[in-house]
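Report on one structure; see the data block that follows.
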Amino acid sequence: MILDYEPGDRVINPNKKDWGIGQVQSIIDFKVTINFENAGKKVINAKEIKIEKFKK
């Protein structure tokens with residue numbers, strides 16, 4: 001599995017759209033730390049939860 005995210009990327013969690021748009025803070029192995037506008041910082045296991053790059 002290759003993660004196509006970099007710090008600064010804007011993303012959404014399609015399973016939790018109420019979290020709002022997030023910004024990737026860091027990536028360590030498959031743990032992605034994202035700061036969401038409505039839910040704060042979340043550490044997401046990228047193997048288990050789908051996150052998508054936000055497109056305007």
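As shown in the structure tokens, the chain order sets the letters A, B, ...; within each chain, residues go from 1, and ligands are also counted from 1 in the order they appear.
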Practice item. Determine, counting only C-alpha atoms, which protein, DNA and RNA residues have an atom within 7 Å of an atom of region 17-28 of chain A; residues of the same chain fewer than 5 positions away are not included. Present the result as a ChimeraX atom specification. Key: /A:6-12,33-39
Selection to disk with all heavy atoms, as a CSV table (one decimal), in the first residue's frame:
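Below is the file out-v7.csv, written as the result:
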chain,number,residue,atom,x,y,z
A,6,GLU,N,0.7,14.1,1.5
A,6,GLU,CA,1.9,14.8,2.0
A,6,GLU,C,1.3,15.9,3.0
A,6,GLU,O,0.2,16.3,2.9
A,6,GLU,CB,2.6,15.6,0.8
A,6,GLU,CG,3.2,14.7,-0.2
A,6,GLU,CD,3.8,15.5,-1.3
A,6,GLU,OE1,4.0,16.7,-1.1
A,6,GLU,OE2,4.2,14.9,-2.3
A,7,PRO,N,2.2,16.3,4.0
A,7,PRO,CA,1.8,17.3,4.9
A,7,PRO,C,1.3,18.5,4.1
A,7,PRO,O,1.9,18.9,3.1
A,7,PRO,CB,3.0,17.6,5.7
A,7,PRO,CG,3.7,16.3,5.7
A,7,PRO,CD,3.5,15.7,4.3
A,8,GLY,N,0.2,19.1,4.5
A,8,GLY,CA,-0.4,20.3,3.8
A,8,GLY,C,-1.5,19.9,2.9
A,8,GLY,O,-2.3,20.8,2.5
A,9,ASP,N,-1.7,18.6,2.5
A,9,ASP,CA,-2.8,18.2,1.6
A,9,ASP,C,-4.1,18.4,2.4
A,9,ASP,O,-4.2,18.1,3.5
A,9,ASP,CB,-2.6,16.8,1.2
A,9,ASP,CG,-1.6,16.5,0.1
A,9,ASP,OD1,-1.1,17.5,-0.5
A,9,ASP,OD2,-1.3,15.3,-0.1
A,10,ARG,N,-5.1,18.9,1.6
A,10,ARG,CA,-6.4,19.0,2.2
A,10,ARG,C,-7.2,17.7,1.8
A,10,ARG,O,-7.2,17.3,0.7
A,10,ARG,CB,-7.1,20.2,1.6
A,10,ARG,CG,-6.4,21.5,2.1
A,10,ARG,CD,-6.8,22.7,1.4
A,10,ARG,NE,-8.2,23.0,1.5
A,10,ARG,CZ,-8.8,23.7,2.5
A,10,ARG,NH1,-8.1,24.2,3.4
A,10,ARG,NH2,-10.1,23.9,2.5
A,11,VAL,N,-7.9,17.1,2.8
A,11,VAL,CA,-8.5,15.8,2.7
A,11,VAL,C,-9.9,15.8,3.3
A,11,VAL,O,-10.2,16.7,4.1
A,11,VAL,CB,-7.7,14.7,3.2
A,11,VAL,CG1,-6.4,14.5,2.5
A,11,VAL,CG2,-7.5,14.9,4.7
A,12,ILE,N,-10.7,14.8,3.0
A,12,ILE,CA,-12.0,14.6,3.7
A,12,ILE,C,-12.0,13.1,4.0
A,12,ILE,O,-11.4,12.3,3.4
A,12,ILE,CB,-13.2,15.0,2.8
A,12,ILE,CG1,-13.2,14.2,1.5
A,12,ILE,CG2,-13.3,16.5,2.6
A,12,ILE,CD1,-14.5,14.4,0.7
A,33,THR,N,-1.9,11.9,10.7
A,33,THR,CA,-2.5,12.9,11.6
A,33,THR,C,-3.1,14.0,10.8
A,33,THR,O,-2.4,14.6,9.9
A,33,THR,CB,-1.4,13.5,12.6
A,33,THR,OG1,-0.9,12.4,13.3
A,33,THR,CG2,-2.1,14.5,13.5
A,34,ILE,N,-4.4,14.3,11.0
A,34,ILE,CA,-5.1,15.2,10.2
A,34,ILE,C,-5.8,16.2,11.2
A,34,ILE,O,-6.5,15.7,12.1
A,34,ILE,CB,-6.2,14.6,9.3
A,34,ILE,CG1,-5.4,13.6,8.4
A,34,ILE,CG2,-6.9,15.6,8.5
A,34,ILE,CD1,-6.4,12.7,7.6
A,35,ASN,N,-5.8,17.5,10.9
A,35,ASN,CA,-6.5,18.5,11.7
A,35,ASN,C,-7.8,18.8,10.9
A,35,ASN,O,-7.7,19.5,9.9
A,35,ASN,CB,-5.6,19.7,11.9
A,35,ASN,CG,-6.2,20.6,12.9
A,35,ASN,OD1,-7.1,20.3,13.6
A,35,ASN,ND2,-5.6,21.8,13.0
A,36,PHE,N,-8.9,18.3,11.4
A,36,PHE,CA,-10.2,18.6,10.7
A,36,PHE,C,-10.8,19.9,11.3
A,36,PHE,O,-10.7,20.1,12.5
A,36,PHE,CB,-11.2,17.4,10.9
A,36,PHE,CG,-10.8,16.2,10.1
A,36,PHE,CD1,-10.1,15.2,10.7
A,36,PHE,CD2,-11.2,16.1,8.8
A,36,PHE,CE1,-9.7,14.0,10.0
A,36,PHE,CE2,-10.8,15.0,8.1
A,36,PHE,CZ,-10.1,13.9,8.7
A,37,GLU,N,-11.5,20.6,10.4
A,37,GLU,CA,-12.1,21.9,10.8
A,37,GLU,C,-13.2,21.8,11.9
A,37,GLU,O,-13.3,22.6,12.7
A,37,GLU,CB,-12.6,22.7,9.6
A,37,GLU,CG,-13.7,22.0,8.8
A,37,GLU,CD,-14.1,22.7,7.5
A,37,GLU,OE1,-13.6,23.8,7.3
A,37,GLU,OE2,-14.9,22.1,6.8
A,38,ASN,N,-14.0,20.7,11.9
A,38,ASN,CA,-15.1,20.5,12.8
A,38,ASN,C,-14.8,19.5,13.9
A,38,ASN,O,-15.5,19.4,14.9
A,38,ASN,CB,-16.3,20.1,12.1
A,38,ASN,CG,-16.8,21.1,11.1
A,38,ASN,OD1,-16.6,22.3,11.3
A,38,ASN,ND2,-17.4,20.7,10.1
A,39,ALA,N,-13.7,18.7,13.8
A,39,ALA,CA,-13.4,17.6,14.7
A,39,ALA,C,-12.1,17.7,15.4
A,39,ALA,O,-11.7,16.9,16.2
A,39,ALA,CB,-13.6,16.3,14.0
Exercise for review: For each of A:Asn15, A:Lys55, A:Lys42, A:Leu3, take the minimum atom-to-atom distance to Phe30 (chain A), counting only C-alpha atoms, then give the residue where this is smallest.
Suggested key: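 Checking each of A:Asn15, A:Lys55, A:Lys42, A:Leu3 against Phe30 (chain A), counting only C-alpha atoms, the winner is A:Leu3.
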Exercise for review: Quick one: pick out all strand (DSSP E) residues within chain A from a backbone DSSP run and write them as a PyMOL selection string.
Suggested key: chain A and resi 10-12+22-28+31-36+40-45+52-53
Restricting the output to N, CA, C and O atoms, write the selected residues as an mmCIF file, in the first residue's frame.
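In the end it all went to again_26.cif:
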data_model
loop_
_atom_site.group_PDB
_atom_site.id
_atom_site.type_symbol
_atom_site.label_atom_id
_atom_site.label_comp_id
_atom_site.auth_asym_id
_atom_site.auth_seq_id
_atom_site.Cartn_x
_atom_site.Cartn_y
_atom_site.Cartn_z
ATOM 1 N N ARG A 10 -5.096 18.859 1.620
ATOM 2 C CA ARG A 10 -6.445 18.987 2.171
ATOM 3 C C ARG A 10 -7.213 17.721 1.824
ATOM 4 O O ARG A 10 -7.206 17.297 0.680
ATOM 5 N N VAL A 11 -7.864 17.129 2.831
ATOM 6 C CA VAL A 11 -8.532 15.839 2.659
ATOM 7 C C VAL A 11 -9.900 15.849 3.329
ATOM 8 O O VAL A 11 -10.212 16.723 4.133
ATOM 9 N N ILE A 12 -10.713 14.848 2.971
ATOM 10 C CA ILE A 12 -11.968 14.587 3.661
ATOM 11 C C ILE A 12 -12.019 13.106 4.007
ATOM 12 O O ILE A 12 -11.363 12.291 3.371
ATOM 13 N N GLY A 22 -10.074 18.524 6.220
ATOM 14 C CA GLY A 22 -8.908 18.418 7.092
ATOM 15 C C GLY A 22 -7.631 18.716 6.345
ATOM 16 O O GLY A 22 -7.590 18.684 5.116
ATOM 17 N N GLN A 23 -6.595 19.009 7.106
ATOM 18 C CA GLN A 23 -5.273 19.223 6.530
ATOM 19 C C GLN A 23 -4.311 18.213 7.139
ATOM 20 O O GLN A 23 -4.237 18.085 8.360
ATOM 21 N N VAL A 24 -3.604 17.484 6.270
ATOM 22 C CA VAL A 24 -2.645 16.482 6.727
ATOM 23 C C VAL A 24 -1.513 17.186 7.472
ATOM 24 O O VAL A 24 -0.910 18.127 6.957
ATOM 25 N N GLN A 25 -1.244 16.728 8.701
ATOM 26 C CA GLN A 25 -0.170 17.290 9.521
ATOM 27 C C GLN A 25 1.101 16.457 9.415
ATOM 28 O O GLN A 25 2.182 17.000 9.242
ATOM 29 N N SER A 26 0.956 15.137 9.552
ATOM 30 C CA SER A 26 2.128 14.258 9.478
ATOM 31 C C SER A 26 1.704 12.857 9.094
ATOM 32 O O SER A 26 0.546 12.485 9.231
ATOM 33 N N ILE A 27 2.685 12.101 8.606
ATOM 34 C CA ILE A 27 2.460 10.709 8.223
ATOM 35 C C ILE A 27 3.617 9.896 8.773
ATOM 36 O O ILE A 27 4.776 10.178 8.480
ATOM 37 N N ILE A 28 3.286 8.895 9.594
ATOM 38 C CA ILE A 28 4.290 7.980 10.120
ATOM 39 C C ILE A 28 3.764 6.577 9.881
ATOM 40 O O ILE A 28 2.724 6.201 10.420
ATOM 41 N N LYS A 31 -0.061 5.723 9.818
ATOM 42 C CA LYS A 31 -0.820 6.611 10.701
ATOM 43 C C LYS A 31 -0.727 8.029 10.143
ATOM 44 O O LYS A 31 0.358 8.586 9.992
ATOM 45 N N VAL A 32 -1.879 8.601 9.844
ATOM 46 C CA VAL A 32 -1.938 9.944 9.280
ATOM 47 C C VAL A 32 -2.609 10.856 10.296
ATOM 48 O O VAL A 32 -3.726 10.579 10.730
ATOM 49 N N THR A 33 -1.929 11.919 10.705
ATOM 50 C CA THR A 33 -2.507 12.904 11.609
ATOM 51 C C THR A 33 -3.106 14.014 10.764
ATOM 52 O O THR A 33 -2.424 14.613 9.941
ATOM 53 N N ILE A 34 -4.399 14.257 10.990
ATOM 54 C CA ILE A 34 -5.124 15.245 10.202
ATOM 55 C C ILE A 34 -5.849 16.182 11.156
ATOM 56 O O ILE A 34 -6.463 15.742 12.124
ATOM 57 N N ASN A 35 -5.782 17.475 10.876
ATOM 58 C CA ASN A 35 -6.496 18.472 11.655
ATOM 59 C C ASN A 35 -7.766 18.844 10.893
ATOM 60 O O ASN A 35 -7.702 19.544 9.885
ATOM 61 N N PHE A 36 -8.928 18.347 11.367
ATOM 62 C CA PHE A 36 -10.208 18.601 10.713
ATOM 63 C C PHE A 36 -10.835 19.871 11.269
ATOM 64 O O PHE A 36 -10.737 20.147 12.468
ATOM 65 N N GLY A 40 -11.248 18.653 15.015
ATOM 66 C CA GLY A 40 -9.912 18.765 15.593
ATOM 67 C C GLY A 40 -8.965 17.723 15.016
ATOM 68 O O GLY A 40 -9.216 17.145 13.961
ATOM 69 N N LYS A 41 -7.875 17.487 15.747
ATOM 70 C CA LYS A 41 -6.867 16.538 15.260
ATOM 71 C C LYS A 41 -7.309 15.108 15.476
ATOM 72 O O LYS A 41 -7.793 14.755 16.545
ATOM 73 N N LYS A 42 -7.135 14.322 14.438
ATOM 74 C CA LYS A 42 -7.438 12.898 14.476
ATOM 75 C C LYS A 42 -6.254 12.141 13.901
ATOM 76 O O LYS A 42 -5.647 12.578 12.925
ATOM 77 N N VAL A 43 -5.930 11.007 14.501
ATOM 78 C CA VAL A 43 -4.921 10.109 13.958
ATOM 79 C C VAL A 43 -5.674 8.963 13.307
ATOM 80 O O VAL A 43 -6.426 8.248 13.966
ATOM 81 N N ILE A 44 -5.486 8.831 12.016
ATOM 82 C CA ILE A 44 -6.244 7.860 11.231
ATOM 83 C C ILE A 44 -5.308 6.775 10.729
ATOM 84 O O ILE A 44 -4.242 7.075 10.185
ATOM 85 N N ASN A 45 -5.711 5.528 10.916
ATOM 86 C CA ASN A 45 -4.971 4.408 10.348
ATOM 87 C C ASN A 45 -5.396 4.301 8.888
ATOM 88 O O ASN A 45 -6.514 3.914 8.581
ATOM 89 N N GLU A 52 -9.784 10.933 1.309
ATOM 90 C CA GLU A 52 -9.655 11.350 -0.078
ATOM 91 C C GLU A 52 -9.164 12.775 -0.149
ATOM 92 O O GLU A 52 -9.542 13.605 0.686
ATOM 93 N N LYS A 53 -8.351 13.057 -1.153
ATOM 94 C CA LYS A 53 -7.925 14.444 -1.358
ATOM 95 C C LYS A 53 -9.133 15.290 -1.689
ATOM 96 O O LYS A 53 -10.004 14.885 -2.453
#
